[in-house]
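Text of the file structure-v3.cif, holding mmCIF, C-alpha atoms and all ligand atoms:
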data_data
#
loop_
_atom_site.label_atom_id
_atom_site.label_comp_id
_atom_site.auth_asym_id
_atom_site.auth_seq_id
_atom_site.Cartn_x
_atom_site.Cartn_y
_atom_site.Cartn_z
CA MET D 13 12.76 5.73 35.83
CA ARG D 14 10.27 4.67 33.18
CA LEU D 15 12.72 4.11 30.30
CA GLU D 16 15.78 2.85 32.18
CA GLY D 17 18.32 1.34 29.76
CA LYS D 18 16.11 1.79 26.67
CA VAL D 19 17.52 3.07 23.39
CA ALA D 20 15.30 5.61 21.63
CA ILE D 21 15.54 7.22 18.20
CA ILE D 22 13.64 10.51 18.02
CA THR D 23 13.36 12.27 14.66
CA GLY D 24 12.95 16.04 14.46
CA ALA D 25 14.61 16.26 17.88
CA ALA D 26 16.34 19.66 17.49
CA ASN D 27 13.13 21.61 18.15
CA GLY D 28 9.66 21.62 19.57
CA LEU D 29 7.99 18.33 20.42
CA GLY D 30 11.00 16.16 19.51
CA LEU D 31 13.37 18.16 21.69
CA GLU D 32 10.97 18.04 24.65
CA ALA D 33 10.65 14.28 24.16
CA ALA D 34 14.45 13.86 24.01
CA THR D 35 14.77 15.75 27.31
CA ILE D 36 12.03 13.80 29.09
CA PHE D 37 13.28 10.47 27.72
CA GLY D 38 16.83 11.30 28.90
CA ARG D 39 15.49 12.12 32.35
CA GLU D 40 13.64 8.78 32.39
CA GLY D 41 16.88 6.87 31.77
CA ALA D 42 16.83 6.36 27.97
CA LYS D 43 19.81 6.66 25.65
CA VAL D 44 18.57 9.09 23.02
CA ALA D 45 19.55 9.45 19.36
CA LEU D 46 18.53 12.96 18.33
CA VAL D 47 17.87 12.85 14.59
CA ASP D 48 17.41 16.10 12.69
CA TYR D 49 18.58 17.73 9.48
CA ASP D 50 19.49 20.95 11.35
CA LYS D 51 23.10 20.13 12.27
CA GLU D 52 23.96 23.25 14.24
CA LEU D 53 20.92 23.08 16.48
CA GLY D 54 20.88 19.28 16.71
CA GLU D 55 24.48 19.13 17.91
CA LYS D 56 23.85 21.93 20.39
CA ARG D 57 20.79 20.17 21.81
CA ALA D 58 22.57 16.81 22.12
CA ASN D 59 25.51 18.48 23.90
CA GLU D 60 23.11 20.18 26.32
CA LEU D 61 21.55 16.82 27.17
CA ILE D 62 24.97 15.23 27.66
CA ALA D 63 25.98 18.16 29.91
CA SER D 64 22.86 17.47 32.01
CA GLY D 65 24.15 13.95 32.58
CA PHE D 66 22.03 12.10 30.02
CA GLU D 67 23.26 9.69 27.36
CA ALA D 68 22.59 11.24 23.95
CA ALA D 69 24.01 11.51 20.44
CA TYR D 70 23.15 13.68 17.45
CA TYR D 71 22.69 12.29 13.93
CA GLN D 72 22.36 14.59 10.93
CA VAL D 73 19.74 12.95 8.75
CA ASN D 74 17.14 14.04 6.25
CA VAL D 75 14.44 11.45 6.92
CA ALA D 76 13.23 11.81 3.33
CA GLU D 77 16.49 10.16 2.19
CA GLN D 78 16.37 6.40 2.69
CA SER D 79 20.15 5.85 2.59
CA GLU D 80 20.77 8.49 5.29
CA VAL D 81 18.14 6.87 7.52
CA GLN D 82 19.61 3.40 7.04
CA SER D 83 23.15 4.55 7.96
CA MET D 84 21.83 6.33 11.06
CA VAL D 85 19.97 3.21 12.24
CA ASN D 86 23.08 1.07 11.64
CA SER D 87 25.21 3.51 13.70
CA VAL D 88 22.73 3.68 16.59
CA LYS D 89 22.66 -0.12 16.71
CA GLU D 90 26.46 -0.23 16.65
CA ARG D 91 26.74 2.44 19.37
CA TRP D 92 24.20 1.09 21.87
CA GLY D 93 23.59 -2.52 20.72
CA LYS D 94 19.80 -2.30 20.29
CA ILE D 95 16.87 -0.08 19.36
CA ASP D 96 13.84 -0.17 21.65
CA ILE D 97 11.88 2.93 20.65
CA LEU D 98 11.33 4.94 17.47
CA ILE D 99 9.48 8.24 17.59
CA ASN D 100 8.62 9.32 14.03
CA ASN D 101 8.21 12.98 14.97
CA ALA D 102 9.95 14.96 12.17
CA GLY D 103 7.43 16.86 10.07
CA ILE D 104 6.94 20.01 8.01
CA THR D 105 4.12 22.21 6.76
CA ARG D 106 3.80 24.16 3.48
CA ASP D 107 0.37 25.71 3.98
CA SER D 108 -1.70 27.35 1.25
CA MET D 109 -5.22 27.17 -0.10
CA LEU D 110 -5.66 24.34 -2.63
CA LEU D 111 -5.92 26.59 -5.67
CA LYS D 112 -2.63 28.32 -4.79
CA MET D 113 -0.73 25.18 -3.76
CA ASP D 114 2.34 24.30 -5.84
CA ALA D 115 2.64 20.62 -6.70
CA SER D 116 6.24 20.84 -5.41
CA ASP D 117 4.95 21.91 -1.97
CA PHE D 118 2.52 18.99 -1.98
CA GLN D 119 5.40 16.65 -2.76
CA LYS D 120 7.84 18.12 -0.19
CA VAL D 121 5.37 17.54 2.62
CA MET D 122 4.71 13.97 1.50
CA ASP D 123 8.47 13.29 1.18
CA VAL D 124 9.12 14.19 4.84
CA ASN D 125 5.86 13.39 6.62
CA VAL D 126 5.05 10.12 4.80
CA ASN D 127 8.20 8.79 3.15
CA GLY D 128 10.30 9.79 6.19
CA VAL D 129 8.08 7.73 8.50
CA PHE D 130 8.19 4.82 6.04
CA HIS D 131 12.01 4.93 5.79
CA CYS D 132 12.64 5.11 9.55
CA THR D 133 10.17 2.37 10.39
CA GLN D 134 11.41 0.03 7.67
CA ALA D 135 14.98 0.47 8.93
CA VAL D 136 14.29 -0.19 12.65
CA VAL D 137 11.72 -2.99 12.45
CA PRO D 138 14.23 -5.79 11.63
CA HIS D 139 16.13 -4.93 14.84
CA MET D 140 12.94 -4.90 16.90
CA ILE D 141 11.86 -8.25 15.43
CA GLU D 142 15.25 -9.69 16.41
CA GLN D 143 14.75 -8.38 19.97
CA GLY D 144 11.11 -9.60 20.12
CA LYS D 145 9.99 -6.21 21.43
CA GLY D 146 9.78 -2.61 20.30
CA LYS D 147 7.71 0.55 20.44
CA ILE D 148 7.01 2.72 17.40
CA ILE D 149 5.19 6.01 17.88
CA ASN D 150 4.12 8.05 14.87
CA THR D 151 3.06 11.69 14.95
CA SER D 152 -0.21 12.40 13.18
CA SER D 153 -2.27 15.58 13.74
CA VAL D 154 -5.75 16.91 14.32
CA SER D 155 -5.44 18.08 10.68
CA GLY D 156 -4.97 14.51 9.45
CA VAL D 157 -8.12 13.30 11.18
CA TYR D 158 -10.48 16.29 10.70
CA GLY D 159 -8.85 18.24 7.85
CA ASN D 160 -7.80 21.90 8.11
CA VAL D 161 -8.19 24.92 5.84
CA GLY D 162 -4.91 25.59 4.00
CA GLN D 163 -3.44 22.13 4.67
CA THR D 164 -4.32 19.83 1.75
CA ASN D 165 -0.79 18.44 1.63
CA TYR D 166 -0.22 18.24 5.38
CA ALA D 167 -3.67 16.76 6.17
CA ALA D 168 -3.13 14.10 3.48
CA SER D 169 0.27 13.25 4.95
CA LYS D 170 -1.01 13.00 8.53
CA ALA D 171 -3.98 10.85 7.46
CA ALA D 172 -1.43 8.59 5.75
CA VAL D 173 0.40 8.34 9.07
CA VAL D 174 -2.78 6.95 10.68
CA GLY D 175 -3.09 4.37 7.89
CA MET D 176 0.54 3.28 8.25
CA THR D 177 0.20 3.09 12.06
CA LYS D 178 -2.78 0.74 11.93
CA THR D 179 -1.25 -1.37 9.17
CA TRP D 180 2.03 -1.85 11.06
CA ALA D 181 0.17 -2.54 14.30
CA LYS D 182 -1.46 -5.45 12.46
CA GLU D 183 1.72 -6.59 10.69
CA PHE D 184 4.06 -6.55 13.71
CA GLY D 185 1.88 -7.13 16.78
CA ARG D 186 2.74 -10.82 16.68
CA LYS D 187 6.44 -9.91 16.70
CA GLY D 188 6.08 -8.01 20.00
CA ILE D 189 6.16 -4.57 18.39
CA ASN D 190 3.54 -2.00 19.43
CA VAL D 191 2.77 0.70 16.85
CA ASN D 192 0.69 3.69 17.90
CA ALA D 193 0.19 7.31 16.89
CA VAL D 194 -0.29 10.56 18.76
CA ALA D 195 -2.55 13.14 17.10
CA PRO D 196 -1.65 16.50 18.65
CA GLY D 197 -3.91 19.52 18.44
CA PHE D 198 -2.32 22.97 18.21
CA ILE D 199 0.85 23.03 20.30
CA GLU D 200 3.08 26.06 20.93
CA THR D 201 6.15 25.39 18.78
CA ASN D 202 7.79 27.06 15.77
CA MET D 203 5.33 25.24 13.53
CA VAL D 204 2.29 26.95 15.04
CA ALA D 205 4.13 30.29 15.18
CA THR D 206 3.57 30.53 11.39
CA VAL D 207 -0.22 30.55 11.77
CA PRO D 208 -1.79 34.02 11.48
CA ASP D 209 -2.79 35.38 14.90
CA LYS D 210 -6.45 35.79 13.94
CA VAL D 211 -6.60 32.07 13.05
CA ILE D 212 -5.02 31.16 16.42
CA GLN D 213 -7.49 33.33 18.32
CA SER D 214 -10.45 31.70 16.56
CA LEU D 215 -9.00 28.25 17.26
CA ILE D 216 -8.62 28.92 20.97
CA GLN D 217 -12.34 29.74 21.10
CA VAL D 218 -13.22 26.21 19.95
CA ILE D 219 -10.74 24.32 22.15
CA PRO D 220 -12.67 23.20 25.26
CA LEU D 221 -9.55 23.74 27.42
CA GLN D 222 -9.31 27.27 25.92
CA ARG D 223 -5.56 27.18 25.35
CA LEU D 224 -2.90 25.89 22.98
CA GLY D 225 -0.99 22.81 24.10
CA GLN D 226 2.59 22.79 25.41
CA PRO D 227 5.35 20.50 24.02
CA SER D 228 5.35 18.57 27.32
CA ASP D 229 1.66 17.66 26.75
CA ILE D 230 2.76 15.67 23.69
CA ALA D 231 6.13 14.45 25.00
CA ASN D 232 4.33 12.87 27.98
CA ALA D 233 2.00 11.03 25.58
CA TYR D 234 5.08 9.78 23.67
CA LEU D 235 6.54 8.69 27.03
CA TYR D 236 3.45 6.66 27.94
CA LEU D 237 3.40 4.93 24.55
CA ALA D 238 7.16 4.27 24.71
CA SER D 239 7.09 2.82 28.23
CA ASP D 240 6.13 -0.67 29.40
CA GLU D 241 2.94 0.85 30.87
CA SER D 242 1.37 0.77 27.38
CA ASP D 243 2.32 -2.83 26.52
CA TYR D 244 -1.31 -3.72 25.66
CA VAL D 245 -1.95 -0.57 23.60
CA ASN D 246 -1.54 -1.21 19.87
CA GLY D 247 -2.83 0.51 16.72
CA THR D 248 -4.38 3.39 18.60
CA VAL D 249 -4.40 7.10 17.78
CA LEU D 250 -4.07 9.02 21.03
CA HIS D 251 -5.65 12.46 20.67
CA VAL D 252 -3.87 15.11 22.74
CA ASP D 253 -5.66 18.26 21.65
CA GLY D 254 -7.52 19.89 24.54
CA GLY D 255 -10.75 18.33 23.26
CA ILE D 256 -10.85 20.18 19.90
CA MET D 257 -11.80 17.01 18.03
CA MET D 258 -14.93 15.96 19.94
N1 LIG D 301 -11.13 28.46 8.79
C1 LIG D 301 -12.00 29.02 7.94
N2 LIG D 301 -11.64 29.88 6.99
C2 LIG D 301 -10.34 30.19 6.90
C3 LIG D 301 -9.37 29.65 7.76
C4 LIG D 301 -9.83 28.75 8.74
N3 LIG D 301 -8.99 28.15 9.60
N4 LIG D 301 -8.17 30.13 7.41
C5 LIG D 301 -8.37 30.96 6.37
N5 LIG D 301 -9.69 31.01 6.07
C6 LIG D 301 -10.34 31.79 5.02
C7 LIG D 301 -9.98 33.27 5.15
O1 LIG D 301 -10.83 33.90 6.10
C8 LIG D 301 -10.20 33.77 3.75
O2 LIG D 301 -11.57 33.93 3.49
P1 LIG D 301 -12.09 35.01 2.42
O3 LIG D 301 -11.49 34.60 1.11
O4 LIG D 301 -13.56 34.85 2.48
O5 LIG D 301 -11.57 36.32 2.92
C9 LIG D 301 -9.73 32.59 2.91
O6 LIG D 301 -9.83 31.43 3.76
C10 LIG D 301 -8.31 32.74 2.43
O7 LIG D 301 -7.49 32.98 3.58
P2 LIG D 301 -6.28 34.00 3.56
O8 LIG D 301 -6.74 35.35 3.14
O9 LIG D 301 -5.54 33.87 4.85
O10 LIG D 301 -5.44 33.39 2.32
P3 LIG D 301 -3.91 33.34 2.14
O11 LIG D 301 -3.69 32.72 0.79
O12 LIG D 301 -3.27 34.64 2.44
O13 LIG D 301 -3.39 32.33 3.28
C11 LIG D 301 -3.25 30.28 4.46
C12 LIG D 301 -3.91 31.03 3.32
C13 LIG D 301 -1.73 30.19 4.17
C14 LIG D 301 -3.83 28.88 4.48
C15 LIG D 301 -3.45 31.03 5.78
O14 LIG D 301 -4.82 31.30 5.94
C16 LIG D 301 -3.01 30.20 6.96
O15 LIG D 301 -1.81 30.11 7.24
N6 LIG D 301 -3.93 29.57 7.68
C17 LIG D 301 -3.64 28.72 8.80
C18 LIG D 301 -3.41 27.31 8.35
C19 LIG D 301 -3.23 26.45 9.58
O16 LIG D 301 -4.11 26.36 10.42
N7 LIG D 301 -2.06 25.79 9.68
C20 LIG D 301 -1.74 25.02 10.84
C21 LIG D 301 -0.24 25.08 11.02
S1 LIG D 301 0.24 24.32 12.58
C22 LIG D 301 0.18 22.70 12.21
O17 LIG D 301 0.06 22.28 11.10
C23 LIG D 301 0.27 21.78 13.36
C24 LIG D 301 -0.85 20.85 13.34
O18 LIG D 301 -0.66 19.67 13.03
C25 LIG D 301 -2.17 21.30 13.76
P1 LIG D 302 9.06 22.01 14.68
O1 LIG D 302 9.05 22.66 13.35
O2 LIG D 302 9.20 22.84 15.90
O3 LIG D 302 10.21 20.89 14.72
C1 LIG D 302 10.34 19.96 13.71
C2 LIG D 302 11.78 19.47 13.67
O4 LIG D 302 11.85 18.49 12.61
C3 LIG D 302 12.79 20.57 13.34
O5 LIG D 302 13.88 20.49 14.24
C4 LIG D 302 13.22 20.24 11.92
O6 LIG D 302 14.58 20.62 11.64
C5 LIG D 302 13.04 18.72 11.87
N1 LIG D 302 12.85 18.21 10.52
C6 LIG D 302 11.98 18.69 9.59
N2 LIG D 302 12.13 18.00 8.45
C7 LIG D 302 13.09 17.07 8.66
C8 LIG D 302 13.69 16.09 7.84
N3 LIG D 302 13.33 15.94 6.57
N4 LIG D 302 14.62 15.30 8.38
C9 LIG D 302 15.02 15.47 9.67
N5 LIG D 302 14.51 16.41 10.47
C10 LIG D 302 13.55 17.20 9.97
O7 LIG D 302 7.73 21.14 14.72
P2 LIG D 302 6.91 20.56 15.95
O8 LIG D 302 5.79 21.44 16.22
O9 LIG D 302 7.83 20.18 17.04
O10 LIG D 302 6.29 19.24 15.26
C11 LIG D 302 6.77 17.95 15.51
C12 LIG D 302 5.80 16.97 14.87
O11 LIG D 302 4.52 17.14 15.43
C13 LIG D 302 5.62 17.16 13.37
O12 LIG D 302 5.46 15.91 12.75
C14 LIG D 302 4.34 17.93 13.28
O13 LIG D 302 3.70 17.75 12.04
C15 LIG D 302 3.57 17.33 14.41
N6 LIG D 302 2.49 18.13 14.92
C16 LIG D 302 2.74 19.35 15.47
C17 LIG D 302 1.70 20.09 15.97
C18 LIG D 302 1.88 21.44 16.57
O14 LIG D 302 0.85 22.08 16.83
N7 LIG D 302 3.08 21.91 16.83
C19 LIG D 302 0.33 19.58 15.94
C20 LIG D 302 0.19 18.28 15.34
C21 LIG D 302 1.25 17.59 14.87
#
Structure re-expressed in structure tokens:
Amino acid sequence: MRLEGKVAIITGAANGLGLEAATIFGREGAKVALVDYDKELGEKRANELIASGFEAAYYQVNVAEQSEVQSMVNSVKERWGKIDILINNAGITRDSMLLKMDASDFQKVMDVNVNGVFHCTQAVVPHMIEQGKGKIINTSSVSGVYGNVGQTNYAASKAAVVGMTKTWAKEFGRKGINVNAVAPGFIETNMVATVPDKVIQSLIQVIPLQRLGQPSDIANAYLYLASDESDYVNGTVLHVDGGIMM
């Protein structure tokens, strides 16, 4: 098992990529804190993992709220004694063309996708420094690196994630903490289900692999970056996008 005995916090774990990661991490021997603001689904997902024989716990947290994040990190530490892995996966979209975009929708996306990552990382890093080791994986996006029509707010937030990743890789490398990002392409989850079908069809044409990605494509990248196999990988942005960004 590639994560035997490790303690992992995964945000946005009630759905999509986070849920797939929680399942794979559980199977690989990790104790998983499923963090999500959707209580009903989050609790259900954690109970399903526990019923499959994995060690898991659900935490209701809005990552945009610093105090909620801090209490969650304190409770995970109290429950399992350490924190080895943080996957900053929670994220939202509020797509519209720039001229139609409400300032409040710009702000909401920044609050979750940027401030949420900042809050979670700031809360776990002291524990990782104390342990002398830790793995932080942030979720960027093809949109944050190349831009995307209708995603001014989201692209800005995911570019910010790249900047924070590289900065923290430089700040905490000497403390034994690896900080990396995954930049997914278009993956079949609820998030992509909101994209008009004609946009999806035109996207598939320009993806060299000629298909959307599956949640496991990303969860396996998270697994690599969370495991000891990636101990010399730091500050990188791993593109998992079927080749759309070449
Ligand atoms: N590329 C080029 N042109 C595009 C385009 C695209 N991807 N999407 C829309 N357009 C064009 C339209 O053809 C249209 O052109 P005309 O004015 O010449 O007719 C113009 O932009 C306006 O488009 P709409 O008529 O669709 O405008 P709307 O206001 O009804 O909707 C929108 C705008 C909400 C942005 C809608 O087009 C949309 O949802 N687009 C998809 C956005 C997208 O790709 N989101 C990704 C979500 S998944 C995700 O975010 C995960 C990730 O990290 C990748
Ligand atoms: P999803 O919408 O299926 O799941 C996101 C989960 O995050 C949901 O369970 C939601 O309740 C939770 N969440 C949202 N805001 C939260 C908050 N403030 N606090 C706590 N939990 C919150 O999305 P998906 O597709 O699984 O995306 C996961 C991550 O991957 C996001 O950061 C997204 O931006 C990113 N991404 C997704 C891509 C895709 O094509 N699906 C492509 C590139 C990046």
With all atoms of ligand LIG 302 (chain D) from the file as input, state the centre and edge lengths in Å to one decimal of the axis-aligned box that has 8 Å extra on each side, as lines of an AutoDock Vina configuration file.
center_x = 7.6
center_y = 19.1
center_z = 11.8
size_x = 30.8
size_y = 23.5
size_z = 26.5
Per residue of chain D within 8 Å of ligand LIG 301 (chain D), record the nearest atom pair and its distance in Å to one decimal, counting all atoms listed in the file, with rows in chain order and ascending residue number, as a Markdown table.
| residue | atom | partner | partner_atom | distance |
| --- | --- | --- | --- | --- |
| D:Ile104 | CA | D:LIG301 | O17 | 7.9 |
| D:Thr105 | CA | D:LIG301 | O17 | 5.9 |
| D:Asp107 | CA | D:LIG301 | C13 | 5.0 |
| D:Ser108 | CA | D:LIG301 | C13 | 4.1 |
| D:Met109 | CA | D:LIG301 | C14 | 5.1 |
| D:Lys112 | CA | D:LIG301 | O11 | 7.2 |
| D:Ser152 | CA | D:LIG301 | O18 | 7.3 |
| D:Ser153 | CA | D:LIG301 | O18 | 4.5 |
| D:Val154 | CA | D:LIG301 | C25 | 5.7 |
| D:Ser155 | CA | D:LIG301 | C25 | 5.5 |
| D:Gly156 | CA | D:LIG301 | O18 | 7.6 |
| D:Asn160 | CA | D:LIG301 | O16 | 6.2 |
| D:Val161 | CA | D:LIG301 | N3 | 5.0 |
| D:Gly162 | CA | D:LIG301 | C14 | 3.5 |
| D:Gln163 | CA | D:LIG301 | C18 | 6.4 |
| D:Tyr166 | CA | D:LIG301 | O17 | 7.0 |
| D:Ala195 | CA | D:LIG301 | O18 | 7.9 |
| D:Pro196 | CA | D:LIG301 | O18 | 6.5 |
| D:Gly197 | CA | D:LIG301 | C25 | 5.3 |
| D:Phe198 | CA | D:LIG301 | C25 | 4.8 |
| D:Ile199 | CA | D:LIG301 | C23 | 7.1 |
| D:Met203 | CA | D:LIG301 | S1 | 5.3 |
| D:Val204 | CA | D:LIG301 | S1 | 4.1 |
| D:Ala205 | CA | D:LIG301 | S1 | 7.6 |
| D:Thr206 | CA | D:LIG301 | C21 | 6.7 |
| D:Val207 | CA | D:LIG301 | O15 | 4.8 |
| D:Pro208 | CA | D:LIG301 | O15 | 5.8 |
| D:Val211 | CA | D:LIG301 | N3 | 5.7 |
| D:Ile212 | CA | D:LIG301 | O16 | 7.7 |
| D:Ser214 | CA | D:LIG301 | N3 | 7.9 |
| D:Leu215 | CA | D:LIG301 | N3 | 7.7 |
Computed interatomic separation between CA of Tyr236 in chain D and atom C15 of ligand LIG 302 (chain D) (Å): 17.2 Å
Protein and nucleic residues near ligand LIG 302 (chain D), 8 Å, only C-alpha atoms and all ligand atoms, as an MDAnalysis selection string: chainID D and resid 23:31 47:50 53:54 72:77 100:105 123:125 128 151:155 166 170 195:204 225 227
Exercise: Tyr244 in chain D partners within 12 Å, only C-alpha atoms, chain neighbours under 2 positions left out, as a list in words: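 Everything that qualifies: Lys147, Ala181, Gly185, Gly188, Ile189, Asn190, Val191, Asn192, Tyr236, Leu237, Ala238, Ser239, Asp240, Glu241, Ser242, Asn246, Gly247 and Thr248 of chain D.
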Atom pair CA of Ala233 in chain D / CA of Gln119 in chain D: separation (Å):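 Separating CA of Ala233 in chain D from CA of Gln119 in chain D is a distance of 29.1 Å.
The closest residue to Glu32 in chain D, picked from D:Ile230, D:Ile216, D:Ala45, D:Val129 and counting only C-alpha atoms, is D:Ile230.
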Between CA of Met140 in chain D and CA of Gly93 in chain D - distance in Å to one decimal: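 Here the two named atoms are 11.6 Å from each other.
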Given all atoms listed in the file as the counted atoms, nearest of D:Glu142, D:Asn165, D:Lys178, D:Gly254 to Asp114 in chain D: D:Asn165
Your completed range 182-202 of chain D with N, CA and C atoms, as a PDB file, in the coordinates of the input:
ATOM      1  N   LYS D 182      -0.973  -4.121  12.850  1.00  0.00           N
ATOM      2  CA  LYS D 182      -1.460  -5.450  12.460  1.00  0.00           C
ATOM      3  C   LYS D 182      -0.319  -6.346  11.983  1.00  0.00           C
ATOM      4  N   GLU D 183       0.631  -5.767  11.232  1.00  0.00           N
ATOM      5  CA  GLU D 183       1.720  -6.590  10.690  1.00  0.00           C
ATOM      6  C   GLU D 183       2.678  -7.095  11.775  1.00  0.00           C
ATOM      7  N   PHE D 184       2.956  -6.228  12.796  1.00  0.00           N
ATOM      8  CA  PHE D 184       4.060  -6.550  13.710  1.00  0.00           C
ATOM      9  C   PHE D 184       3.656  -6.838  15.140  1.00  0.00           C
ATOM     10  N   GLY D 185       2.334  -6.802  15.424  1.00  0.00           N
ATOM     11  CA  GLY D 185       1.880  -7.130  16.780  1.00  0.00           C
ATOM     12  C   GLY D 185       2.399  -8.498  17.204  1.00  0.00           C
ATOM     13  N   ARG D 186       2.324  -9.452  16.303  1.00  0.00           N
ATOM     14  CA  ARG D 186       2.740 -10.820  16.680  1.00  0.00           C
ATOM     15  C   ARG D 186       4.254 -10.950  16.855  1.00  0.00           C
ATOM     16  N   LYS D 187       4.981  -9.904  16.483  1.00  0.00           N
ATOM     17  CA  LYS D 187       6.440  -9.910  16.700  1.00  0.00           C
ATOM     18  C   LYS D 187       6.809  -9.154  17.981  1.00  0.00           C
ATOM     19  N   GLY D 188       5.807  -8.723  18.744  1.00  0.00           N
ATOM     20  CA  GLY D 188       6.080  -8.010  20.000  1.00  0.00           C
ATOM     21  C   GLY D 188       6.314  -6.517  19.816  1.00  0.00           C
ATOM     22  N   ILE D 189       5.943  -6.004  18.646  1.00  0.00           N
ATOM     23  CA  ILE D 189       6.160  -4.570  18.390  1.00  0.00           C
ATOM     24  C   ILE D 189       4.816  -3.847  18.473  1.00  0.00           C
ATOM     25  N   ASN D 190       4.753  -2.820  19.320  1.00  0.00           N
ATOM     26  CA  ASN D 190       3.540  -2.000  19.430  1.00  0.00           C
ATOM     27  C   ASN D 190       3.724  -0.777  18.530  1.00  0.00           C
ATOM     28  N   VAL D 191       2.713  -0.490  17.715  1.00  0.00           N
ATOM     29  CA  VAL D 191       2.770   0.700  16.850  1.00  0.00           C
ATOM     30  C   VAL D 191       1.540   1.557  17.127  1.00  0.00           C
ATOM     31  N   ASN D 192       1.784   2.772  17.566  1.00  0.00           N
ATOM     32  CA  ASN D 192       0.690   3.690  17.900  1.00  0.00           C
ATOM     33  C   ASN D 192       1.000   5.072  17.337  1.00  0.00           C
ATOM     34  N   ALA D 193      -0.016   5.927  17.330  1.00  0.00           N
ATOM     35  CA  ALA D 193       0.190   7.310  16.890  1.00  0.00           C
ATOM     36  C   ALA D 193      -0.324   8.262  17.963  1.00  0.00           C
ATOM     37  N   VAL D 194       0.259   9.458  17.973  1.00  0.00           N
ATOM     38  CA  VAL D 194      -0.290  10.560  18.760  1.00  0.00           C
ATOM     39  C   VAL D 194      -0.797  11.579  17.741  1.00  0.00           C
ATOM     40  N   ALA D 195      -2.000  12.086  17.974  1.00  0.00           N
ATOM     41  CA  ALA D 195      -2.550  13.140  17.100  1.00  0.00           C
ATOM     42  C   ALA D 195      -2.649  14.429  17.926  1.00  0.00           C
ATOM     43  N   PRO D 196      -1.596  15.265  17.865  1.00  0.00           N
ATOM     44  CA  PRO D 196      -1.650  16.500  18.650  1.00  0.00           C
ATOM     45  C   PRO D 196      -2.636  17.493  18.039  1.00  0.00           C
ATOM     46  N   GLY D 197      -3.166  18.346  18.909  1.00  0.00           N
ATOM     47  CA  GLY D 197      -3.910  19.520  18.440  1.00  0.00           C
ATOM     48  C   GLY D 197      -2.904  20.622  18.146  1.00  0.00           C
ATOM     49  N   PHE D 198      -3.225  21.849  18.501  1.00  0.00           N
ATOM     50  CA  PHE D 198      -2.320  22.970  18.210  1.00  0.00           C
ATOM     51  C   PHE D 198      -1.420  23.215  19.416  1.00  0.00           C
ATOM     52  N   ILE D 199      -0.120  22.989  19.207  1.00  0.00           N
ATOM     53  CA  ILE D 199       0.850  23.030  20.300  1.00  0.00           C
ATOM     54  C   ILE D 199       1.838  24.172  20.045  1.00  0.00           C
ATOM     55  N   GLU D 200       2.205  24.885  21.101  1.00  0.00           N
ATOM     56  CA  GLU D 200       3.080  26.060  20.930  1.00  0.00           C
ATOM     57  C   GLU D 200       4.510  25.683  20.587  1.00  0.00           C
ATOM     58  N   THR D 201       4.787  25.616  19.283  1.00  0.00           N
ATOM     59  CA  THR D 201       6.150  25.390  18.780  1.00  0.00           C
ATOM     60  C   THR D 201       6.350  26.326  17.582  1.00  0.00           C
ATOM     61  N   ASN D 202       7.527  26.236  16.962  1.00  0.00           N
ATOM     62  CA  ASN D 202       7.790  27.060  15.770  1.00  0.00           C
ATOM     63  C   ASN D 202       6.760  26.812  14.674  1.00  0.00           C
TER      64      ASN D 202
END
